[in-house]
file upload-v7.cif (mmCIF, N, CA and C atoms)
data_start
loop_
_atom_site.label_atom_id
_atom_site.label_comp_id
_atom_site.auth_asym_id
_atom_site.auth_seq_id
_atom_site.Cartn_x
_atom_site.Cartn_y
_atom_site.Cartn_z
N MET A 1 103.50 -99.54 -7.40
CA MET A 1 102.69 -99.31 -8.57
C MET A 1 101.94 -100.58 -8.95
N LYS A 2 102.65 -101.71 -8.97
CA LYS A 2 102.04 -102.98 -9.36
C LYS A 2 100.96 -103.37 -8.36
N ARG A 3 101.25 -103.19 -7.07
CA ARG A 3 100.27 -103.53 -6.03
C ARG A 3 99.03 -102.64 -6.16
N LEU A 4 99.23 -101.36 -6.44
CA LEU A 4 98.11 -100.45 -6.61
C LEU A 4 97.26 -100.88 -7.80
N LEU A 5 97.90 -101.23 -8.91
CA LEU A 5 97.18 -101.68 -10.10
C LEU A 5 96.39 -102.95 -9.81
N LEU A 6 97.01 -103.90 -9.12
CA LEU A 6 96.33 -105.15 -8.82
C LEU A 6 95.12 -104.92 -7.91
N SER A 7 95.27 -104.08 -6.92
CA SER A 7 94.16 -103.80 -6.02
C SER A 7 93.02 -103.09 -6.75
N PHE A 8 93.38 -102.18 -7.65
CA PHE A 8 92.37 -101.46 -8.42
C PHE A 8 91.59 -102.42 -9.31
N VAL A 9 92.30 -103.28 -10.03
CA VAL A 9 91.64 -104.24 -10.92
C VAL A 9 90.71 -105.14 -10.12
N ALA A 10 91.18 -105.63 -9.00
CA ALA A 10 90.36 -106.53 -8.19
C ALA A 10 89.11 -105.81 -7.67
N ALA A 11 89.28 -104.58 -7.22
CA ALA A 11 88.14 -103.83 -6.69
C ALA A 11 87.11 -103.53 -7.76
N VAL A 12 87.57 -103.21 -8.96
CA VAL A 12 86.65 -102.86 -10.03
C VAL A 12 85.96 -104.08 -10.60
N LEU A 13 86.68 -105.17 -10.78
CA LEU A 13 86.15 -106.31 -11.51
C LEU A 13 85.44 -107.34 -10.65
N VAL A 14 85.67 -107.34 -9.38
CA VAL A 14 84.98 -108.27 -8.51
C VAL A 14 83.74 -107.55 -7.98
N VAL A 15 82.59 -108.06 -8.33
CA VAL A 15 81.34 -107.40 -7.95
C VAL A 15 81.02 -107.75 -6.51
N LEU A 16 81.26 -106.78 -5.65
CA LEU A 16 81.05 -106.98 -4.23
C LEU A 16 80.38 -105.75 -3.64
N PRO A 17 79.72 -105.89 -2.51
CA PRO A 17 79.15 -104.72 -1.87
C PRO A 17 80.22 -103.71 -1.51
N ALA A 18 79.88 -102.46 -1.55
CA ALA A 18 80.84 -101.39 -1.23
C ALA A 18 81.00 -101.31 0.28
N GLN A 19 81.90 -102.13 0.80
CA GLN A 19 82.19 -102.15 2.22
C GLN A 19 83.70 -102.16 2.40
N ALA A 20 84.13 -101.70 3.55
CA ALA A 20 85.55 -101.66 3.82
C ALA A 20 86.13 -103.07 3.92
N ASP A 21 87.38 -103.19 3.47
CA ASP A 21 88.08 -104.46 3.59
C ASP A 21 88.24 -104.82 5.07
N GLN A 22 88.17 -106.10 5.33
CA GLN A 22 88.40 -106.60 6.68
C GLN A 22 89.56 -107.58 6.61
N GLU A 23 90.33 -107.64 7.67
CA GLU A 23 91.44 -108.57 7.70
C GLU A 23 90.94 -110.00 7.85
N VAL A 24 91.73 -110.91 7.32
CA VAL A 24 91.48 -112.34 7.48
C VAL A 24 92.48 -112.83 8.53
N SER A 25 92.03 -113.64 9.46
CA SER A 25 92.92 -114.09 10.54
C SER A 25 94.14 -114.81 9.97
N GLY A 26 95.22 -114.83 10.73
CA GLY A 26 96.45 -115.48 10.30
C GLY A 26 96.27 -116.95 9.97
N ASP A 27 95.51 -117.68 10.81
CA ASP A 27 95.27 -119.10 10.56
C ASP A 27 94.47 -119.30 9.28
N ASP A 28 93.44 -118.47 9.08
CA ASP A 28 92.64 -118.58 7.87
C ASP A 28 93.47 -118.21 6.64
N ALA A 29 94.30 -117.18 6.75
CA ALA A 29 95.15 -116.77 5.63
C ALA A 29 96.08 -117.90 5.22
N LEU A 30 96.67 -118.57 6.19
CA LEU A 30 97.54 -119.71 5.90
C LEU A 30 96.77 -120.86 5.26
N ALA A 31 95.58 -121.13 5.77
CA ALA A 31 94.76 -122.22 5.23
C ALA A 31 94.33 -121.93 3.80
N ILE A 32 93.97 -120.68 3.52
CA ILE A 32 93.56 -120.29 2.17
C ILE A 32 94.72 -120.46 1.20
N ARG A 33 95.88 -119.96 1.59
CA ARG A 33 97.06 -120.09 0.73
C ARG A 33 97.38 -121.57 0.48
N ASP A 34 97.29 -122.36 1.52
CA ASP A 34 97.60 -123.79 1.39
C ASP A 34 96.67 -124.47 0.39
N VAL A 35 95.38 -124.17 0.44
CA VAL A 35 94.42 -124.77 -0.49
C VAL A 35 94.77 -124.41 -1.93
N ILE A 36 95.05 -123.14 -2.17
CA ILE A 36 95.36 -122.69 -3.53
C ILE A 36 96.68 -123.30 -4.00
N GLU A 37 97.70 -123.30 -3.15
CA GLU A 37 98.99 -123.89 -3.53
C GLU A 37 98.83 -125.38 -3.83
N ARG A 38 98.05 -126.08 -3.05
CA ARG A 38 97.84 -127.51 -3.27
C ARG A 38 97.10 -127.76 -4.59
N GLN A 39 96.13 -126.88 -4.90
CA GLN A 39 95.42 -127.06 -6.16
C GLN A 39 96.35 -126.76 -7.34
N LEU A 40 97.15 -125.71 -7.24
CA LEU A 40 98.11 -125.41 -8.32
C LEU A 40 99.07 -126.58 -8.53
N ASP A 41 99.52 -127.17 -7.42
CA ASP A 41 100.42 -128.33 -7.52
C ASP A 41 99.70 -129.53 -8.16
N ALA A 42 98.45 -129.74 -7.78
CA ALA A 42 97.69 -130.84 -8.37
C ALA A 42 97.50 -130.65 -9.87
N PHE A 43 97.27 -129.41 -10.30
CA PHE A 43 97.17 -129.14 -11.74
C PHE A 43 98.47 -129.51 -12.45
N LYS A 44 99.59 -129.13 -11.86
CA LYS A 44 100.89 -129.43 -12.49
C LYS A 44 101.11 -130.93 -12.65
N ARG A 45 100.55 -131.72 -11.74
CA ARG A 45 100.71 -133.17 -11.78
C ARG A 45 99.56 -133.86 -12.52
N ASP A 46 98.66 -133.06 -13.08
CA ASP A 46 97.46 -133.60 -13.74
C ASP A 46 96.65 -134.50 -12.81
N ASP A 47 96.64 -134.17 -11.54
CA ASP A 47 95.85 -134.92 -10.56
C ASP A 47 94.49 -134.24 -10.43
N GLY A 48 93.61 -134.57 -11.36
CA GLY A 48 92.29 -133.96 -11.40
C GLY A 48 91.45 -134.21 -10.17
N ASN A 49 91.55 -135.42 -9.63
CA ASN A 49 90.77 -135.73 -8.43
C ASN A 49 91.14 -134.82 -7.27
N GLU A 50 92.44 -134.63 -7.07
CA GLU A 50 92.87 -133.75 -5.98
C GLU A 50 92.48 -132.31 -6.26
N ALA A 51 92.75 -131.83 -7.47
CA ALA A 51 92.43 -130.44 -7.82
C ALA A 51 90.94 -130.16 -7.65
N PHE A 52 90.12 -131.07 -8.12
CA PHE A 52 88.66 -130.93 -8.03
C PHE A 52 88.22 -130.93 -6.57
N GLY A 53 88.94 -131.65 -5.73
CA GLY A 53 88.61 -131.73 -4.31
C GLY A 53 88.75 -130.41 -3.57
N TYR A 54 89.54 -129.48 -4.12
CA TYR A 54 89.71 -128.17 -3.48
C TYR A 54 88.64 -127.18 -3.91
N ALA A 55 87.80 -127.57 -4.85
CA ALA A 55 86.71 -126.71 -5.30
C ALA A 55 85.55 -126.80 -4.31
N ALA A 56 84.88 -125.66 -4.12
CA ALA A 56 83.71 -125.62 -3.24
C ALA A 56 82.59 -126.50 -3.80
N PRO A 57 81.71 -126.95 -2.96
CA PRO A 57 80.62 -127.82 -3.42
C PRO A 57 79.82 -127.23 -4.60
N GLY A 58 79.57 -125.96 -4.60
CA GLY A 58 78.82 -125.35 -5.70
C GLY A 58 79.56 -125.46 -7.03
N ILE A 59 80.88 -125.34 -6.99
CA ILE A 59 81.69 -125.49 -8.21
C ILE A 59 81.67 -126.96 -8.65
N GLN A 60 81.79 -127.86 -7.70
CA GLN A 60 81.74 -129.28 -8.04
C GLN A 60 80.39 -129.64 -8.67
N ASP A 61 79.31 -129.09 -8.12
CA ASP A 61 77.99 -129.35 -8.69
C ASP A 61 77.87 -128.78 -10.10
N LYS A 62 78.44 -127.60 -10.30
CA LYS A 62 78.35 -126.94 -11.61
C LYS A 62 79.06 -127.76 -12.69
N PHE A 63 80.24 -128.27 -12.39
CA PHE A 63 81.02 -129.00 -13.40
C PHE A 63 80.76 -130.50 -13.40
N GLN A 64 80.22 -131.03 -12.35
CA GLN A 64 79.72 -132.40 -12.26
C GLN A 64 80.76 -133.52 -12.34
N SER A 65 81.89 -133.28 -12.97
CA SER A 65 82.90 -134.35 -13.04
C SER A 65 84.30 -133.74 -13.07
N VAL A 66 85.25 -134.56 -12.65
CA VAL A 66 86.66 -134.17 -12.68
C VAL A 66 87.08 -133.83 -14.11
N GLU A 67 86.65 -134.64 -15.06
CA GLU A 67 87.07 -134.46 -16.45
C GLU A 67 86.57 -133.13 -17.02
N ILE A 68 85.32 -132.78 -16.76
CA ILE A 68 84.78 -131.50 -17.25
C ILE A 68 85.50 -130.34 -16.58
N PHE A 69 85.73 -130.45 -15.28
CA PHE A 69 86.43 -129.41 -14.53
C PHE A 69 87.84 -129.21 -15.08
N MET A 70 88.57 -130.29 -15.26
CA MET A 70 89.95 -130.19 -15.74
C MET A 70 90.02 -129.62 -17.15
N GLU A 71 89.09 -129.98 -18.00
CA GLU A 71 89.06 -129.43 -19.36
C GLU A 71 88.81 -127.93 -19.31
N MET A 72 87.92 -127.49 -18.44
CA MET A 72 87.65 -126.06 -18.28
C MET A 72 88.91 -125.33 -17.84
N VAL A 73 89.63 -125.89 -16.89
CA VAL A 73 90.85 -125.23 -16.40
C VAL A 73 91.93 -125.24 -17.49
N ARG A 74 92.12 -126.36 -18.16
CA ARG A 74 93.13 -126.43 -19.23
C ARG A 74 92.89 -125.39 -20.32
N THR A 75 91.64 -125.24 -20.73
CA THR A 75 91.34 -124.35 -21.86
C THR A 75 91.11 -122.90 -21.43
N GLY A 76 90.53 -122.69 -20.26
CA GLY A 76 90.19 -121.34 -19.85
C GLY A 76 91.18 -120.67 -18.92
N TYR A 77 92.02 -121.46 -18.28
CA TYR A 77 92.95 -120.94 -17.27
C TYR A 77 94.34 -121.55 -17.44
N PRO A 78 94.93 -121.46 -18.63
CA PRO A 78 96.22 -122.13 -18.84
C PRO A 78 97.33 -121.64 -17.90
N ALA A 79 97.31 -120.37 -17.52
CA ALA A 79 98.35 -119.86 -16.61
C ALA A 79 98.21 -120.46 -15.22
N VAL A 80 96.98 -120.78 -14.82
CA VAL A 80 96.74 -121.43 -13.54
C VAL A 80 97.06 -122.91 -13.66
N TYR A 81 96.63 -123.51 -14.76
CA TYR A 81 96.82 -124.94 -14.99
C TYR A 81 98.30 -125.33 -14.98
N ARG A 82 99.12 -124.50 -15.54
CA ARG A 82 100.56 -124.79 -15.60
C ARG A 82 101.37 -123.57 -15.15
N SER A 83 101.06 -123.08 -13.96
CA SER A 83 101.79 -121.92 -13.45
C SER A 83 103.24 -122.29 -13.15
N ILE A 84 104.12 -121.33 -13.38
CA ILE A 84 105.52 -121.55 -13.02
C ILE A 84 105.91 -120.70 -11.81
N ASP A 85 105.02 -119.77 -11.44
CA ASP A 85 105.27 -118.94 -10.27
C ASP A 85 103.93 -118.41 -9.76
N ALA A 86 103.84 -118.24 -8.45
CA ALA A 86 102.64 -117.68 -7.84
C ALA A 86 103.06 -116.79 -6.68
N SER A 87 102.57 -115.56 -6.71
CA SER A 87 102.89 -114.58 -5.66
C SER A 87 101.58 -114.17 -4.99
N PHE A 88 101.49 -114.41 -3.70
CA PHE A 88 100.25 -114.21 -2.95
C PHE A 88 100.24 -112.85 -2.26
N GLU A 89 99.11 -112.16 -2.37
CA GLU A 89 98.84 -110.97 -1.57
C GLU A 89 98.15 -111.45 -0.30
N ALA A 90 97.90 -110.53 0.64
CA ALA A 90 97.15 -110.90 1.84
C ALA A 90 95.69 -111.07 1.46
N PRO A 91 95.04 -112.15 1.93
CA PRO A 91 93.62 -112.30 1.61
C PRO A 91 92.81 -111.22 2.32
N ARG A 92 91.65 -110.92 1.74
CA ARG A 92 90.79 -109.87 2.30
C ARG A 92 89.35 -110.36 2.33
N LYS A 93 88.64 -109.81 3.26
CA LYS A 93 87.21 -110.06 3.34
C LYS A 93 86.53 -108.74 3.03
N ILE A 94 85.68 -108.77 2.00
CA ILE A 94 84.92 -107.59 1.62
C ILE A 94 83.46 -107.98 1.77
N GLY A 95 82.81 -107.37 2.75
CA GLY A 95 81.46 -107.81 3.07
C GLY A 95 81.53 -109.24 3.57
N GLU A 96 80.76 -110.10 2.95
CA GLU A 96 80.75 -111.52 3.33
C GLU A 96 81.64 -112.37 2.42
N THR A 97 82.35 -111.74 1.50
CA THR A 97 83.15 -112.47 0.52
C THR A 97 84.63 -112.40 0.86
N THR A 98 85.29 -113.55 0.88
CA THR A 98 86.73 -113.62 1.13
C THR A 98 87.42 -113.84 -0.20
N ILE A 99 88.38 -112.96 -0.52
CA ILE A 99 89.12 -113.10 -1.76
C ILE A 99 90.61 -113.24 -1.48
N GLN A 100 91.26 -113.93 -2.38
CA GLN A 100 92.71 -114.10 -2.34
C GLN A 100 93.24 -113.73 -3.71
N GLU A 101 94.07 -112.70 -3.78
CA GLU A 101 94.70 -112.31 -5.03
C GLU A 101 96.05 -113.01 -5.15
N VAL A 102 96.28 -113.59 -6.32
CA VAL A 102 97.52 -114.30 -6.58
C VAL A 102 97.99 -113.89 -7.97
N VAL A 103 99.23 -113.43 -8.08
CA VAL A 103 99.79 -113.17 -9.41
C VAL A 103 100.45 -114.47 -9.85
N VAL A 104 99.90 -115.05 -10.92
CA VAL A 104 100.44 -116.30 -11.46
C VAL A 104 101.15 -116.00 -12.77
N THR A 105 102.23 -116.70 -12.97
CA THR A 105 102.96 -116.61 -14.23
C THR A 105 102.85 -117.96 -14.91
N GLY A 106 102.37 -117.93 -16.15
CA GLY A 106 102.21 -119.15 -16.91
C GLY A 106 103.47 -119.53 -17.64
N GLN A 107 103.42 -120.63 -18.35
CA GLN A 107 104.59 -121.13 -19.08
C GLN A 107 105.04 -120.19 -20.19
N THR A 108 104.14 -119.33 -20.67
CA THR A 108 104.51 -118.38 -21.72
C THR A 108 105.26 -117.18 -21.16
N GLY A 109 105.31 -117.08 -19.84
CA GLY A 109 105.98 -115.95 -19.19
C GLY A 109 105.03 -114.79 -18.90
N GLU A 110 103.79 -114.89 -19.35
CA GLU A 110 102.82 -113.84 -19.07
C GLU A 110 102.28 -113.99 -17.65
N SER A 111 102.07 -112.84 -17.00
CA SER A 111 101.53 -112.84 -15.65
C SER A 111 100.06 -112.43 -15.66
N PHE A 112 99.32 -113.01 -14.75
CA PHE A 112 97.89 -112.74 -14.61
C PHE A 112 97.57 -112.56 -13.13
N LEU A 113 96.61 -111.70 -12.87
CA LEU A 113 96.07 -111.59 -11.53
C LEU A 113 94.93 -112.60 -11.43
N ALA A 114 95.10 -113.56 -10.58
CA ALA A 114 94.04 -114.55 -10.31
C ALA A 114 93.36 -114.10 -9.03
N VAL A 115 92.08 -113.78 -9.13
CA VAL A 115 91.30 -113.38 -7.96
C VAL A 115 90.43 -114.56 -7.58
N TYR A 116 90.83 -115.21 -6.50
CA TYR A 116 90.11 -116.38 -6.01
C TYR A 116 89.04 -115.93 -5.02
N THR A 117 87.85 -116.46 -5.19
CA THR A 117 86.79 -116.29 -4.21
C THR A 117 86.80 -117.56 -3.36
N MET A 118 86.92 -117.37 -2.07
CA MET A 118 87.06 -118.51 -1.17
C MET A 118 85.78 -118.70 -0.37
N GLU A 119 85.50 -119.95 -0.01
CA GLU A 119 84.30 -120.27 0.77
C GLU A 119 84.70 -121.13 1.96
N GLN A 120 84.35 -120.64 3.14
CA GLN A 120 84.64 -121.44 4.34
C GLN A 120 83.52 -122.45 4.55
N GLN A 121 83.93 -123.68 4.79
CA GLN A 121 82.98 -124.78 4.95
C GLN A 121 82.53 -124.87 6.41
N ALA A 122 81.47 -125.63 6.65
CA ALA A 122 80.92 -125.77 8.00
C ALA A 122 81.96 -126.31 8.99
N ASP A 123 82.90 -127.11 8.49
CA ASP A 123 83.94 -127.66 9.37
C ASP A 123 85.12 -126.71 9.58
N GLY A 124 85.04 -125.50 8.99
CA GLY A 124 86.10 -124.50 9.14
C GLY A 124 87.13 -124.51 8.04
N SER A 125 87.14 -125.55 7.21
CA SER A 125 88.10 -125.62 6.11
C SER A 125 87.70 -124.63 5.00
N TRP A 126 88.64 -124.38 4.11
CA TRP A 126 88.41 -123.45 3.00
C TRP A 126 88.42 -124.19 1.68
N ARG A 127 87.56 -123.75 0.76
CA ARG A 127 87.51 -124.29 -0.60
C ARG A 127 87.45 -123.12 -1.58
N ILE A 128 87.83 -123.40 -2.79
CA ILE A 128 87.85 -122.38 -3.86
C ILE A 128 86.47 -122.33 -4.50
N ASN A 129 85.87 -121.15 -4.48
CA ASN A 129 84.52 -120.98 -4.99
C ASN A 129 84.50 -120.22 -6.32
N GLY A 130 85.65 -119.99 -6.90
CA GLY A 130 85.73 -119.32 -8.19
C GLY A 130 87.08 -118.65 -8.35
N CYS A 131 87.41 -118.37 -9.60
CA CYS A 131 88.67 -117.71 -9.91
C CYS A 131 88.46 -116.89 -11.17
N SER A 132 88.86 -115.64 -11.11
CA SER A 132 88.82 -114.76 -12.28
C SER A 132 90.23 -114.36 -12.62
N LEU A 133 90.58 -114.40 -13.90
CA LEU A 133 91.93 -114.06 -14.36
C LEU A 133 91.92 -112.75 -15.12
N PHE A 134 92.90 -111.91 -14.82
CA PHE A 134 93.06 -110.62 -15.48
C PHE A 134 94.52 -110.45 -15.87
N PRO A 135 94.79 -110.05 -17.13
CA PRO A 135 96.18 -109.84 -17.54
C PRO A 135 96.83 -108.75 -16.69
N VAL A 136 98.09 -108.95 -16.36
CA VAL A 136 98.86 -107.93 -15.65
C VAL A 136 99.73 -107.26 -16.70
N PRO A 137 99.54 -105.97 -16.90
CA PRO A 137 100.35 -105.29 -17.93
C PRO A 137 101.83 -105.35 -17.59
N ASP A 138 102.65 -105.47 -18.60
CA ASP A 138 104.10 -105.47 -18.43
C ASP A 138 104.53 -104.02 -18.29
N VAL A 139 104.78 -103.61 -17.05
CA VAL A 139 105.12 -102.21 -16.78
C VAL A 139 106.64 -102.06 -16.81
N GLN A 140 107.13 -101.20 -17.68
CA GLN A 140 108.55 -100.92 -17.77
C GLN A 140 108.86 -99.67 -16.93
N VAL A 141 109.91 -99.73 -16.13
CA VAL A 141 110.29 -98.58 -15.30
C VAL A 141 111.61 -98.04 -15.77
#
call {"tool": "encode", "arguments": {"input": "upload-v7.cif", "output": "structure tokens"}}
result
Amino acid sequence: MKRLLLSFVAAVLVVLPAQADQEVSGDDALAIRDVIERQLDAFKRDDGNEAFGYAAPGIQDKFQSVEIFMEMVRTGYPAVYRSIDASFEAPRKIGETTIQEVVVTGQTGESFLAVYTMEQQADGSWRINGCSLFPVPDVQV
């Protein structure tokens, strides 16, 4: 039920062309997860330089400095900034866009679906090109 809800939210809220999902290779899936985990860890340590380094060039250009970027994350993404748990789904490619869904739990205990848009660089590495947060309803069974 939770997986179905998460997939539905991601499909509805991420504006992408209506194309079938494509698998992401195992090596790319591992690299994507590693980048996100490293950024989450950098946030926990308040290492803005490292966290900012995992952002795609377009994101770095948009925020222009580590300080502006970190303030945006602190105020707009507190569950990501200080996550206490992260559960990764398999990354997917929809059209030309690669997304990684991660359920993050913040310090308040609330869970959010973080939909990361990933960008592969010319050297083959992956960077984070955006993140959208959606509340995950507390479903009682």
call {"tool": "closest_residue", "arguments": {"input": "upload-v7.cif", "among": "A:Leu113, A:Val66, A:Thr105, A:Arg82", "to": "Arg45 in chain A", "atoms": "all atoms listed in the file"}}
result
A:Arg82
call {"tool": "atom_distance", "arguments": {"input": "upload-v7.cif", "atom1": "CA of Glu96 in chain A", "atom2": "CA of Glu23 in chain A"}}
result
11.9 Å
call {"tool": "resolve_selection", "arguments": {"input": "upload-v7.cif", "expression": "the PyMOL selection byres ((chain A and resi 83-94) around 7)", "output": "list in words"}}
result
Leu16, Pro17, Gln19, Ala20, Asp21, Gln22, Glu23, Val24, Ala29, Leu40, Lys44, Pro78, Ala79, Val80, Tyr81, Arg82, Gly95, Glu96, Thr97, Thr98, Ile99, Gln100, Glu101, Val102, Val103, Val104, Thr105, Gly106 and Gln107 of chain A
call {"tool": "write_last_selection", "arguments": {"input": "upload-v7.cif", "atoms": "N, CA and C atoms", "output": "PDB file, in the frame of the given file"}}
result
ATOM      1  N   LEU A  16      81.260-106.780  -5.650  1.00  0.00           N
ATOM      2  CA  LEU A  16      81.050-106.980  -4.230  1.00  0.00           C
ATOM      3  C   LEU A  16      80.380-105.750  -3.640  1.00  0.00           C
ATOM      4  N   PRO A  17      79.720-105.890  -2.510  1.00  0.00           N
ATOM      5  CA  PRO A  17      79.150-104.720  -1.870  1.00  0.00           C
ATOM      6  C   PRO A  17      80.220-103.710  -1.510  1.00  0.00           C
ATOM      7  N   GLN A  19      81.900-102.130   0.800  1.00  0.00           N
ATOM      8  CA  GLN A  19      82.190-102.150   2.220  1.00  0.00           C
ATOM      9  C   GLN A  19      83.700-102.160   2.400  1.00  0.00           C
ATOM     10  N   ALA A  20      84.130-101.700   3.550  1.00  0.00           N
ATOM     11  CA  ALA A  20      85.550-101.660   3.820  1.00  0.00           C
ATOM     12  C   ALA A  20      86.130-103.070   3.920  1.00  0.00           C
ATOM     13  N   ASP A  21      87.380-103.190   3.470  1.00  0.00           N
ATOM     14  CA  ASP A  21      88.080-104.460   3.590  1.00  0.00           C
ATOM     15  C   ASP A  21      88.240-104.820   5.070  1.00  0.00           C
ATOM     16  N   GLN A  22      88.170-106.100   5.330  1.00  0.00           N
ATOM     17  CA  GLN A  22      88.400-106.600   6.680  1.00  0.00           C
ATOM     18  C   GLN A  22      89.560-107.580   6.610  1.00  0.00           C
ATOM     19  N   GLU A  23      90.330-107.640   7.670  1.00  0.00           N
ATOM     20  CA  GLU A  23      91.440-108.570   7.700  1.00  0.00           C
ATOM     21  C   GLU A  23      90.940-110.000   7.850  1.00  0.00           C
ATOM     22  N   VAL A  24      91.730-110.910   7.320  1.00  0.00           N
ATOM     23  CA  VAL A  24      91.480-112.340   7.480  1.00  0.00           C
ATOM     24  C   VAL A  24      92.480-112.830   8.530  1.00  0.00           C
ATOM     25  N   ALA A  29      94.300-117.180   6.750  1.00  0.00           N
ATOM     26  CA  ALA A  29      95.150-116.770   5.630  1.00  0.00           C
ATOM     27  C   ALA A  29      96.080-117.900   5.220  1.00  0.00           C
ATOM     28  N   LEU A  40      97.150-125.710  -7.240  1.00  0.00           N
ATOM     29  CA  LEU A  40      98.110-125.410  -8.320  1.00  0.00           C
ATOM     30  C   LEU A  40      99.070-126.580  -8.530  1.00  0.00           C
ATOM     31  N   LYS A  44      99.590-129.130 -11.860  1.00  0.00           N
ATOM     32  CA  LYS A  44     100.890-129.430 -12.490  1.00  0.00           C
ATOM     33  C   LYS A  44     101.110-130.930 -12.650  1.00  0.00           C
ATOM     34  N   PRO A  78      94.930-121.460 -18.630  1.00  0.00           N
ATOM     35  CA  PRO A  78      96.220-122.130 -18.840  1.00  0.00           C
ATOM     36  C   PRO A  78      97.330-121.640 -17.900  1.00  0.00           C
ATOM     37  N   ALA A  79      97.310-120.370 -17.520  1.00  0.00           N
ATOM     38  CA  ALA A  79      98.350-119.860 -16.610  1.00  0.00           C
ATOM     39  C   ALA A  79      98.210-120.460 -15.220  1.00  0.00           C
ATOM     40  N   VAL A  80      96.980-120.780 -14.820  1.00  0.00           N
ATOM     41  CA  VAL A  80      96.740-121.430 -13.540  1.00  0.00           C
ATOM     42  C   VAL A  80      97.060-122.910 -13.660  1.00  0.00           C
ATOM     43  N   TYR A  81      96.630-123.510 -14.760  1.00  0.00           N
ATOM     44  CA  TYR A  81      96.820-124.940 -14.990  1.00  0.00           C
ATOM     45  C   TYR A  81      98.300-125.330 -14.980  1.00  0.00           C
ATOM     46  N   ARG A  82      99.120-124.500 -15.540  1.00  0.00           N
ATOM     47  CA  ARG A  82     100.560-124.790 -15.600  1.00  0.00           C
ATOM     48  C   ARG A  82     101.370-123.570 -15.150  1.00  0.00           C
ATOM     49  N   GLY A  95      82.810-107.370   2.750  1.00  0.00           N
ATOM     50  CA  GLY A  95      81.460-107.810   3.070  1.00  0.00           C
ATOM     51  C   GLY A  95      81.530-109.240   3.570  1.00  0.00           C
ATOM     52  N   GLU A  96      80.760-110.100   2.950  1.00  0.00           N
ATOM     53  CA  GLU A  96      80.750-111.520   3.330  1.00  0.00           C
ATOM     54  C   GLU A  96      81.640-112.370   2.420  1.00  0.00           C
ATOM     55  N   THR A  97      82.350-111.740   1.500  1.00  0.00           N
ATOM     56  CA  THR A  97      83.150-112.470   0.520  1.00  0.00           C
ATOM     57  C   THR A  97      84.630-112.400   0.860  1.00  0.00           C
ATOM     58  N   THR A  98      85.290-113.550   0.880  1.00  0.00           N
ATOM     59  CA  THR A  98      86.730-113.620   1.130  1.00  0.00           C
ATOM     60  C   THR A  98      87.420-113.840  -0.200  1.00  0.00           C
ATOM     61  N   ILE A  99      88.380-112.960  -0.520  1.00  0.00           N
ATOM     62  CA  ILE A  99      89.120-113.100  -1.760  1.00  0.00           C
ATOM     63  C   ILE A  99      90.610-113.240  -1.480  1.00  0.00           C
ATOM     64  N   GLN A 100      91.260-113.930  -2.380  1.00  0.00           N
ATOM     65  CA  GLN A 100      92.710-114.100  -2.340  1.00  0.00           C
ATOM     66  C   GLN A 100      93.240-113.730  -3.710  1.00  0.00           C
ATOM     67  N   GLU A 101      94.070-112.700  -3.780  1.00  0.00           N
ATOM     68  CA  GLU A 101      94.700-112.310  -5.030  1.00  0.00           C
ATOM     69  C   GLU A 101      96.050-113.010  -5.150  1.00  0.00           C
ATOM     70  N   VAL A 102      96.280-113.590  -6.320  1.00  0.00           N
ATOM     71  CA  VAL A 102      97.520-114.300  -6.580  1.00  0.00           C
ATOM     72  C   VAL A 102      97.990-113.890  -7.970  1.00  0.00           C
ATOM     73  N   VAL A 103      99.230-113.430  -8.080  1.00  0.00           N
ATOM     74  CA  VAL A 103      99.790-113.170  -9.410  1.00  0.00           C
ATOM     75  C   VAL A 103     100.450-114.470  -9.850  1.00  0.00           C
ATOM     76  N   VAL A 104      99.900-115.050 -10.920  1.00  0.00           N
ATOM     77  CA  VAL A 104     100.440-116.300 -11.460  1.00  0.00           C
ATOM     78  C   VAL A 104     101.150-116.000 -12.770  1.00  0.00           C
ATOM     79  N   THR A 105     102.230-116.700 -12.970  1.00  0.00           N
ATOM     80  CA  THR A 105     102.960-116.610 -14.230  1.00  0.00           C
ATOM     81  C   THR A 105     102.850-117.960 -14.910  1.00  0.00           C
ATOM     82  N   GLY A 106     102.370-117.930 -16.150  1.00  0.00           N
ATOM     83  CA  GLY A 106     102.210-119.150 -16.910  1.00  0.00           C
ATOM     84  C   GLY A 106     103.470-119.530 -17.640  1.00  0.00           C
ATOM     85  N   GLN A 107     103.420-120.630 -18.350  1.00  0.00           N
ATOM     86  CA  GLN A 107     104.590-121.130 -19.080  1.00  0.00           C
ATOM     87  C   GLN A 107     105.040-120.190 -20.190  1.00  0.00           C
TER      88      GLN A 107
END
call {"tool": "atom_distance", "arguments": {"input": "upload-v7.cif", "atom1": "atom C of Thr117 in chain A", "atom2": "atom N of Ser65 in chain A"}}
result
19.1 Å
call {"tool": "select_by_dssp", "arguments": {"input": "upload-v7.cif", "residues": "range 4-104 of chain A", "states": "helix (DSSP H, G or I)", "output": "PyMOL selection string"}}
result
chain A and resi 4-13+26-44+48-53+57-63+66-76+78-81
call {"tool": "axis_aligned_box", "arguments": {"input": "upload-v7.cif", "around": "range 53-61 of chain A", "padding_each_side": "4 Å", "output": "lines of an AutoDock Vina configuration file"}}
result
center_x = 83.8
center_y = -128.5
center_z = -6.5
size_x = 19.8
size_y = 14.4
size_z = 15.1
call {"tool": "resolve_selection", "arguments": {"input": "upload-v7.cif", "expression": "the PyMOL selection byres ((chain A and resi 123-139) around 5)", "output": "list in words"}}
result
Tyr54, Ala55, Ala56, Ser111, Phe112, Leu113, Ala114, Val115, Tyr116, Thr117, Met118, Glu119, Gln120, Gln121, Ala122, Gln140 and Val141 of chain A
call {"tool": "atom_distance", "arguments": {"input": "upload-v7.cif", "atom1": "CA of Asp47 in chain A", "atom2": "atom N of Glu71 in chain A"}}
result
11.2 Å
call {"tool": "resolve_selection", "arguments": {"input": "upload-v7.cif", "expression": "the PyMOL selection byres (((chain A and resi 70 and name CA) around 10) and name CA)", "output": "VMD selection string"}}
result
chain A and resid 43 46 to 49 51 to 52 63 65 to 69 71 to 77 81
